[in-house]
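S.K.: Below you'll find the structure I mean.
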There are 2 protein chains.
Amino acid sequence: VKVAELGEFGLISLLQDMISRAEDKASPARRKLIIGIGDDTAAWHGEPTIQLATVDAFIQGVHFLPDITPWHAVGWKSLAVNLSDIAAMGGRPSYALVSLALPAASEVENITELYRGMLELAGKSGVSIIGGNLSLASEVALHITVLGSVMWENLLTRSGAKAGDEIAVTGCLGAATAGYRMFAEKLTIDAESAAALKGALFYPCPRLSEGQALLARGIKAAIDVSDGLVADLGHICEMSRLGARVNVDAVPIHPAVRVAFGDRALAIALAGGEDYELVFTGSAEVIAYLKQILSTPVTVIGEMTPGEAGVKLVDREGNPFELAHRGWDHFED
Amino acid sequence: VKVAELGEFGLISLLQDMISRAEDKASPARRKLIIGIGDDTAAWHGEPTIQLATVDAFIQGVHFLPDITPWHAVGWKSLAVNLSDIAAMGGRPSYALVSLALPAASEVENITELYRGMLELAGKSGVSIIGGNLSLASEVALHITVLGSVMWENLLTRSGAKAGDEIAVTGCLGAATAGYRMFAEKLTIDAESAAALKGALFYPCPRLSEGQALLARGIKAAIDVSDGLVADLGHICEMSRLGARVNVDAVPIHPAVRVAFGDRALAIALAGGEDYELVFTGSAEVIAYLKQILSTPVTVIGEMTPGEAGVKLVDREGNPFELAHRGWDHFED
């Protein structure tokens with residue numbers, strides 16, 4: 001069945017039912033909701049803590065290719081990239097508003113599959129989908145806004161780094177970009193590595209509990225790795241007006257990337273993007289403590305330095321390391 | 001200059017400067033802001049009142065045509081349609097998040113002109129643009145989320161109508177659709193009417209103060225006219241499980257629509273859409289009082305009826321009135 005046959009209001013009604021059946025009516029966010037989908041706006045009881053909001057786009061041909069990305073993963077990942085921004089502030093997500101543009105010839109089954117993926121992650125993350133919009137367009141595009149809050153009177157920001165802070169990263173890097181290259185370059189990779197890379201590309205797990213733990217333990221600066229480690233750490237440098245010295249030999253490269261890409265693995269881990277891990281800075285003591293309490297690996301990769309803003313890459317002997325492409329710019333060739 | 005030459009981060013920086021220079025730093029919403037554009041999320045001090053959120057899309061080729069709509073108006077209107085949803089709940093808007101997708105070959109001047117239009121309306125409405133996203137796409141698309149709040153412990157909803165309520169509408173109807181037809185059908189219309197129709201099409205004024213006044217005076221049900229009077233009043237009927245009887249001879253048709261479209265004017269006013277007036281229901285006494293205190297015209301056009309949900313159109317003698325097309329569906333031909 002095509003979306004054109006169902007009509008705008010038929011599709012709204014179908015998705016509204018899916019959302020209503022999937023949501024956890026006992027979640028803290030849901031219990032504060034007064035009006036969800038179906039009126040001019042959503043409405044809920046506010047609270048006098050710090051509130052967060054972020055928006056991200058997920059567009060066919062730019063962020064995903066229907067030949068490669070399952071529709072279920074389109075839904076999951078389009079929400080995950082937003083939750084990752086909430087995680088990078090140390091926040092808890094509460095509500096999402098989903099603006100979906102699509103061609104009239106879209107298969108309804110693809111759209112419901114997309115929502116199944118989105119609702120699966122929403123359920124795991126305590127997020128209620130409280131509003132949205134459906135519109136005609138020549139390609140499928142999702143623009144999702146996520147709201148959240150923090151319980152503490154502070155935040156993880158890009159500007160919170162101090163000279164002398166250690167730089168650390170959660171998890172390991174490079175797998176999402178390696179997964180993309182595996183498809184784009186039609187590489188033959190052993191089944192186990194291929195599955196790991198696909199998982200990283202299609203189903204990133206936003207580091208929500210890790211972000212909250214960082215904030216609770218006094219970390220002040222963080223960002224999520226969406227554009228690539230070097231590019232994103234560069235934002236911390238710029239906003240904190242500091243340099244960063246990164247030992248590339250310490251960077252935690254995903255094992256499957258090493259297996260499948262050999263010599264190229266390090267460059268992929270440094271500049272690849274879409275890892276949705278957290279890069280953060282703090283004192284050696286706090287980071288050592290976080291390494292103990294978090295089940296997610298935490299790796300120290302360098303330190304913040306006074307003086308010129310920007311990321312300096314060195315190897316374990318301290319020699320400069322050259323990286324050809326430092327990150328992703330949407331409008332460059 | 002093309003967007004491709006400036007790059008993603010160059011354009012972000014340019015727009016961030018424009019937003020920062022334009023915003024009223026003394027506005028109530030701005031004073032609660034902790035972090036605006038430039039970190040992973042925006043952050044602000046929350047408040048324990050009812051909070052509102054809505055999202056709408058504004059897409060090239062669907063909601064606007066670059067040959068017809070000035071870029072300044074694209075910016076104005078893309079925000080206005082969201083503010084209109086806040087108005088229809090009786091709310092005050094506070095923050096907007098703007099997700100903009102555009103081709104790399106876009107002219108930077110068109111995009112800055114778009115933001116000038118958006119910032120002009122944001123300034124008039126007390127709205128701070130606190131977040132956003134830029135992405136590549138094959139056509140220009142804006143997906144704007146607006147947040148707001150109400151000071152009262154109630155809301156204007158679609159479900160709040162009562163049998164016996166009068167139905168009233170602010171302002172007059174039909175001018176936006178007439179303006180669109182003027183361009184689409186290349187009609188020759190006198191200069192004064194043409195200017196009025198263009199103004200209505202390109203620069204709708206969300207009825208924010210009117211919505212707040214309705215709520216303050218005890219009105220319970222309202223919707224904004226985006227899809228067309230009959231279609232939108234139909235949503236009130238459906239959600240309130242009531243019928244509506246509308247006297248088509250009482251519908252306030254915009255004078256320029258009468259002049260330019262003669263016999264077609266009434267159908268345009270009933271089904272045209274994009275007027276962004278408020279349709280609301282309430283007791284005859286409250287509506288009579290609102291007519292006195294509001295400077296915007298308020299016209300009673302019918303009443304809510306018990307029984308079958310749906311809008312019944314009659315003329316002044318009570319004879320049924322037939323309307324061929326009742327409203328807008330994005331995915332129908």
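By convention in this document, the chains of the structure tokens carry letters A, B, ... by their order, each chain's residues are numbered from 1, and ligands are numbered from 1 in the order they are shown.
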Lay chain B over chain A using all C-alpha atoms, matched one to one in order, with a least-squares fit; then write it out as a short mmCIF file (atom, residue, chain, number, x, y, z; two decimals) with C-alpha atoms, in the first residue's frame.
M.R.:
```cif
data_model
loop_
_atom_site.label_atom_id
_atom_site.label_comp_id
_atom_site.auth_asym_id
_atom_site.auth_seq_id
_atom_site.Cartn_x
_atom_site.Cartn_y
_atom_site.Cartn_z
CA VAL B 1 0.06 0.00 0.00
CA LYS B 2 1.34 3.43 -0.95
CA VAL B 3 1.08 6.47 1.30
CA ALA B 4 -1.00 8.16 -1.44
CA GLU B 5 -3.72 5.49 -1.04
CA LEU B 6 -3.88 5.92 2.73
CA GLY B 7 -3.85 9.74 2.64
CA GLU B 8 -2.26 12.16 5.10
CA PHE B 9 -4.85 11.68 7.83
CA GLY B 10 -4.92 7.91 7.38
CA LEU B 11 -1.17 7.74 7.86
CA ILE B 12 -1.27 10.10 10.85
CA SER B 13 -3.90 7.91 12.47
CA LEU B 14 -1.91 4.72 11.79
CA LEU B 15 1.30 6.17 13.26
CA GLN B 16 -0.57 7.68 16.21
CA ASP B 17 -1.92 4.20 17.06
CA MET B 18 1.56 2.67 16.81
CA ILE B 19 3.03 5.34 19.08
CA SER B 20 0.22 5.02 21.60
CA ARG B 21 0.52 1.22 21.77
CA ALA B 22 4.33 1.30 22.08
CA GLU B 23 4.72 3.95 24.74
CA ASP B 24 5.39 3.24 28.38
CA LYS B 25 2.53 5.04 30.14
CA ALA B 26 4.34 4.85 33.48
CA SER B 27 7.51 6.64 32.34
CA PRO B 28 8.25 9.89 34.22
CA ALA B 29 7.97 11.96 31.01
CA ARG B 30 4.69 10.33 29.97
CA ARG B 31 3.13 10.94 33.37
CA LYS B 32 3.72 14.69 33.01
CA LEU B 33 2.14 14.77 29.56
CA ILE B 34 -1.23 16.53 29.24
CA ILE B 35 -1.73 16.32 25.46
CA GLY B 36 0.32 14.26 23.00
CA ILE B 37 -0.26 13.89 19.28
CA GLY B 38 -3.61 15.09 17.95
CA ASP B 39 -3.99 18.74 18.91
CA ASP B 40 -2.33 21.93 17.68
CA THR B 41 0.61 21.43 20.03
CA ALA B 42 1.70 18.94 22.65
CA ALA B 43 1.38 20.08 26.28
CA TRP B 44 2.93 18.90 29.53
CA HIS B 45 3.59 20.00 33.11
CA GLY B 46 6.94 21.82 33.20
CA GLU B 47 9.51 21.64 35.95
CA PRO B 48 11.94 24.20 37.36
CA THR B 49 15.15 22.35 36.40
CA ILE B 50 17.50 22.95 33.45
CA GLN B 51 15.75 22.04 30.19
CA LEU B 52 17.45 20.87 26.98
CA ALA B 53 16.45 20.82 23.31
CA THR B 54 18.17 19.68 20.14
CA VAL B 55 17.22 19.01 16.52
CA ASP B 56 18.85 16.86 13.84
CA ALA B 57 18.02 15.92 10.28
CA PHE B 58 18.17 12.47 8.73
CA ILE B 59 17.76 12.67 4.98
CA GLN B 60 17.57 10.08 2.21
CA GLY B 61 20.61 10.24 -0.06
CA VAL B 62 22.57 12.24 2.54
CA HIS B 63 22.32 10.42 5.88
CA PHE B 64 20.99 7.11 4.60
CA LEU B 65 20.51 5.17 1.38
CA PRO B 66 17.37 3.02 1.16
CA ASP B 67 19.35 0.36 -0.77
CA ILE B 68 21.66 -0.08 2.20
CA THR B 69 19.94 1.07 5.39
CA PRO B 70 16.94 -0.98 6.59
CA TRP B 71 13.93 1.26 7.33
CA HIS B 72 13.93 -0.01 10.91
CA ALA B 73 17.48 1.33 11.27
CA VAL B 74 16.49 4.67 9.68
CA GLY B 75 13.99 5.11 12.51
CA TRP B 76 16.39 3.98 15.24
CA LYS B 77 19.33 6.06 14.05
CA SER B 78 17.37 9.23 13.32
CA LEU B 79 16.35 9.31 16.99
CA ALA B 80 19.72 8.05 18.26
CA VAL B 81 21.67 10.99 16.82
CA ASN B 82 19.47 13.38 18.81
CA LEU B 83 19.64 11.37 22.03
CA SER B 84 23.41 11.44 21.65
CA ASP B 85 23.30 15.26 21.82
CA ILE B 86 21.28 15.06 25.04
CA ALA B 87 23.84 12.53 26.37
CA ALA B 88 26.67 14.97 25.55
CA MET B 89 25.10 17.52 27.93
CA GLY B 90 24.62 14.95 30.71
CA GLY B 91 20.85 15.04 30.25
CA ARG B 92 17.87 12.71 30.35
CA PRO B 93 15.66 12.79 27.27
CA SER B 94 11.90 13.13 27.77
CA TYR B 95 9.99 14.01 24.59
CA ALA B 96 10.50 13.85 20.83
CA LEU B 97 8.74 15.67 17.99
CA VAL B 98 9.10 13.98 14.61
CA SER B 99 8.73 15.92 11.37
CA LEU B 100 8.61 13.42 8.52
CA ALA B 101 8.65 14.41 4.84
CA LEU B 102 8.06 11.72 2.23
CA PRO B 103 6.97 11.09 -1.35
CA ALA B 104 3.34 10.05 -1.90
CA ALA B 105 4.64 6.89 -3.61
CA SER B 106 6.35 5.69 -0.39
CA GLU B 107 5.35 2.25 0.84
CA VAL B 108 3.34 2.50 4.08
CA GLU B 109 5.14 -0.65 5.28
CA ASN B 110 8.52 1.13 5.03
CA ILE B 111 7.23 4.02 7.10
CA THR B 112 5.72 1.80 9.79
CA GLU B 113 8.98 -0.18 9.89
CA LEU B 114 10.82 3.12 10.35
CA TYR B 115 8.54 3.96 13.28
CA ARG B 116 9.06 0.50 14.79
CA GLY B 117 12.79 1.20 14.90
CA MET B 118 12.29 4.67 16.34
CA LEU B 119 9.82 3.44 18.96
CA GLU B 120 12.15 0.63 20.01
CA LEU B 121 14.87 3.14 20.91
CA ALA B 122 12.33 5.59 22.37
CA GLY B 123 11.08 2.82 24.67
CA LYS B 124 14.61 1.92 25.82
CA SER B 125 15.38 5.59 26.48
CA GLY B 126 12.21 6.70 28.30
CA VAL B 127 11.24 9.03 25.43
CA SER B 128 7.63 9.77 24.48
CA ILE B 129 6.88 10.90 20.93
CA ILE B 130 4.50 13.77 21.64
CA GLY B 131 4.22 15.56 18.35
CA GLY B 132 5.06 15.60 14.72
CA ASN B 133 4.26 16.63 11.23
CA LEU B 134 3.77 14.79 7.95
CA SER B 135 4.55 16.48 4.67
CA LEU B 136 5.01 15.68 1.03
CA ALA B 137 8.57 15.88 -0.35
CA SER B 138 10.62 14.40 -3.16
CA GLU B 139 12.74 12.30 -0.76
CA VAL B 140 12.29 10.88 2.74
CA ALA B 141 13.56 13.26 5.42
CA LEU B 142 13.24 13.11 9.20
CA HIS B 143 13.82 16.16 11.34
CA ILE B 144 13.56 15.16 14.99
CA THR B 145 13.57 17.48 17.98
CA VAL B 146 14.33 15.93 21.37
CA LEU B 147 13.66 17.64 24.68
CA GLY B 148 15.29 16.67 27.95
CA SER B 149 16.47 17.95 31.30
CA VAL B 150 19.24 17.68 33.83
CA MET B 151 18.75 17.12 37.53
CA TRP B 152 21.91 19.02 38.48
CA GLU B 153 22.56 22.74 38.40
CA ASN B 154 25.28 22.29 35.79
CA LEU B 155 25.89 20.81 32.34
CA LEU B 156 28.50 19.16 30.16
CA THR B 157 29.45 21.86 27.66
CA ARG B 158 31.94 22.34 24.86
CA SER B 159 33.36 25.35 26.68
CA GLY B 160 34.01 23.67 30.02
CA ALA B 161 37.52 22.25 29.40
CA LYS B 162 40.54 23.41 31.44
CA ALA B 163 44.23 23.39 30.49
CA GLY B 164 45.78 20.26 31.96
CA ASP B 165 42.54 18.24 31.75
CA GLU B 166 42.94 14.74 30.45
CA ILE B 167 40.94 13.93 27.30
CA ALA B 168 39.03 10.66 27.37
CA VAL B 169 36.61 8.83 25.10
CA THR B 170 33.94 6.21 25.79
CA GLY B 171 33.83 2.95 23.84
CA CYS B 172 35.81 2.61 20.63
CA LEU B 173 35.88 4.47 17.35
CA GLY B 174 35.72 3.98 13.63
CA ALA B 175 33.18 1.16 13.26
CA ALA B 176 30.32 3.25 11.81
CA THR B 177 32.46 4.81 9.08
CA ALA B 178 34.10 1.44 8.39
CA GLY B 179 30.61 -0.01 8.03
CA TYR B 180 29.69 2.69 5.55
CA ARG B 181 32.87 2.08 3.53
CA MET B 182 32.19 -1.64 3.54
CA PHE B 183 28.93 -0.96 1.66
CA ALA B 184 30.17 1.96 -0.46
CA GLU B 185 33.32 0.16 -1.61
CA LYS B 186 31.62 -3.29 -1.71
CA LEU B 187 34.38 -4.78 0.45
CA THR B 188 34.50 -8.45 1.36
CA ILE B 189 34.90 -8.68 5.11
CA ASP B 190 34.64 -11.70 7.44
CA ALA B 191 31.10 -12.27 8.70
CA GLU B 192 31.79 -11.44 12.35
CA SER B 193 33.53 -8.12 11.59
CA ALA B 194 30.93 -7.25 8.97
CA ALA B 195 28.13 -7.77 11.51
CA ALA B 196 29.90 -5.56 14.07
CA LEU B 197 30.43 -2.79 11.51
CA LYS B 198 26.83 -2.97 10.30
CA GLY B 199 25.60 -2.82 13.88
CA ALA B 200 27.70 0.28 14.57
CA LEU B 201 26.55 1.99 11.36
CA PHE B 202 22.83 1.23 11.68
CA TYR B 203 22.21 1.01 15.43
CA PRO B 204 24.35 3.51 17.36
CA CYS B 205 23.67 3.48 21.11
CA PRO B 206 23.57 6.99 22.57
CA ARG B 207 25.67 7.16 25.75
CA LEU B 208 22.89 8.50 27.96
CA SER B 209 23.71 6.82 31.27
CA GLU B 210 27.42 7.53 30.69
CA GLY B 211 26.73 11.24 30.09
CA GLN B 212 24.66 11.43 33.27
CA ALA B 213 27.45 9.68 35.22
CA LEU B 214 30.08 12.10 33.89
CA LEU B 215 27.98 15.08 34.95
CA ALA B 216 27.23 13.60 38.36
CA ARG B 217 30.96 13.04 38.99
CA GLY B 218 31.91 16.62 38.14
CA ILE B 219 33.02 16.42 34.51
CA LYS B 220 32.42 19.81 32.86
CA ALA B 221 33.27 19.38 29.15
CA ALA B 222 31.97 16.85 26.64
CA ILE B 223 30.82 16.44 23.05
CA ASP B 224 29.52 13.45 21.12
CA VAL B 225 31.52 12.11 18.19
CA SER B 226 29.25 12.77 15.23
CA ASP B 227 31.55 14.52 12.72
CA GLY B 228 34.72 12.64 13.73
CA LEU B 229 36.96 12.60 16.81
CA VAL B 230 39.37 15.30 15.58
CA ALA B 231 36.61 17.60 14.29
CA ASP B 232 34.48 17.24 17.43
CA LEU B 233 37.38 17.62 19.84
CA GLY B 234 38.20 20.71 17.76
CA HIS B 235 34.84 22.17 18.83
CA ILE B 236 35.81 21.72 22.50
CA CYS B 237 39.15 23.44 21.76
CA GLU B 238 37.46 26.34 19.99
CA MET B 239 34.77 26.89 22.63
CA SER B 240 37.19 26.39 25.55
CA ARG B 241 39.94 28.45 23.81
CA LEU B 242 42.50 25.72 24.36
CA GLY B 243 44.61 23.30 22.40
CA ALA B 244 44.37 19.52 22.57
CA ARG B 245 47.25 17.09 22.21
CA VAL B 246 46.08 13.62 21.20
CA ASN B 247 48.29 10.54 21.21
CA VAL B 248 46.97 8.69 18.16
CA ASP B 249 48.45 5.42 19.41
CA ALA B 250 46.13 5.59 22.44
CA VAL B 251 42.94 6.05 20.37
CA PRO B 252 40.65 3.04 20.93
CA ILE B 253 40.07 1.68 17.43
CA HIS B 254 37.17 -0.75 17.10
CA PRO B 255 38.69 -4.27 16.74
CA ALA B 256 36.59 -5.01 13.62
CA VAL B 257 38.00 -1.87 11.96
CA ARG B 258 41.55 -3.07 12.62
CA VAL B 259 40.73 -6.50 11.19
CA ALA B 260 38.97 -5.18 8.10
CA PHE B 261 40.92 -2.02 7.30
CA GLY B 262 44.47 -2.63 8.59
CA ASP B 263 46.59 0.47 7.94
CA ARG B 264 43.56 2.65 7.22
CA ALA B 265 41.95 1.86 10.59
CA LEU B 266 43.57 4.70 12.54
CA ALA B 267 42.54 7.41 10.02
CA ILE B 268 38.99 6.03 10.07
CA ALA B 269 38.90 6.13 13.88
CA LEU B 270 40.29 9.69 14.00
CA ALA B 271 38.15 11.31 11.31
CA GLY B 272 35.34 8.92 10.50
CA GLY B 273 32.41 10.23 12.49
CA GLU B 274 29.00 8.77 13.41
CA ASP B 275 30.46 6.86 16.36
CA TYR B 276 28.22 8.67 18.89
CA GLU B 277 30.73 8.03 21.65
CA LEU B 278 31.42 10.82 24.16
CA VAL B 279 34.73 12.71 24.21
CA PHE B 280 35.20 14.52 27.49
CA THR B 281 37.84 16.23 29.58
CA GLY B 282 38.52 16.30 33.29
CA SER B 283 41.07 15.72 36.03
CA ALA B 284 43.09 12.48 36.02
CA GLU B 285 41.48 11.54 39.37
CA VAL B 286 37.88 11.91 38.18
CA ILE B 287 38.58 10.07 34.94
CA ALA B 288 40.32 7.23 36.82
CA TYR B 289 37.24 6.95 39.05
CA LEU B 290 34.87 6.95 36.06
CA LYS B 291 36.91 4.13 34.49
CA GLN B 292 36.17 2.09 37.61
CA ILE B 293 32.44 2.76 37.91
CA LEU B 294 31.37 2.67 34.25
CA SER B 295 30.85 -0.64 32.49
CA THR B 296 31.58 1.13 29.18
CA PRO B 297 35.33 1.36 28.48
CA VAL B 298 36.88 4.81 29.01
CA THR B 299 40.25 5.54 27.37
CA VAL B 300 42.52 8.52 28.00
CA ILE B 301 43.82 9.76 24.63
CA GLY B 302 45.54 13.05 25.43
CA GLU B 303 45.34 16.32 27.31
CA MET B 304 44.10 19.87 26.92
CA THR B 305 46.90 22.39 26.47
CA PRO B 306 47.10 26.16 26.93
CA GLY B 307 47.73 28.36 23.92
CA GLU B 308 46.59 28.02 20.33
CA ALA B 309 43.16 26.41 19.88
CA GLY B 310 43.17 23.26 17.75
CA VAL B 311 43.89 19.57 17.89
CA LYS B 312 47.51 18.44 17.60
CA LEU B 313 48.02 14.77 16.76
CA VAL B 314 51.20 13.00 17.87
CA ASP B 315 52.33 9.38 18.00
CA ARG B 316 53.58 7.61 21.14
CA GLU B 317 57.07 9.06 20.61
CA GLY B 318 55.63 12.57 20.38
CA ASN B 319 56.21 12.93 16.63
CA PRO B 320 53.51 14.86 14.70
CA PHE B 321 50.94 12.67 12.96
CA GLU B 322 49.42 13.88 9.68
CA LEU B 323 45.74 13.26 8.88
CA ALA B 324 44.53 14.07 5.37
CA HIS B 325 40.80 14.63 6.10
CA ARG B 326 39.84 15.92 9.52
CA GLY B 327 36.07 15.63 9.48
CA TRP B 328 32.82 16.05 7.68
CA ASP B 329 31.45 19.22 6.06
CA HIS B 330 28.02 18.87 4.48
CA PHE B 331 28.58 21.38 1.71
CA GLU B 332 32.12 20.52 0.63
CA ASP B 333 32.90 18.12 -2.22
#
```
S.K.: Mind listing the alpha helix (DSSP H) residues of stretch 28-108 of chain A, per DSSP on the backbone, as a list in words?
M.R.: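 Reading the DSSP output for stretch 28-108 of chain A, alpha helix (DSSP H) covers Pro28, Ala29, Arg30, Arg31, Trp71, His72, Ala73, Val74, Gly75, Trp76, Lys77, Ser78, Leu79, Ala80, Val81, Asn82, Leu83, Ser84, Asp85, Ile86, Ala87 and Val108 of chain A.
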S.K.: How would you write, as a PyMOL selection string, the set of residues in stretch 80-227 of chain B that DSSP gives as strand (DSSP E)?
M.R.: chain B and resi 92-102+128-136+141-150+166-170+221-224
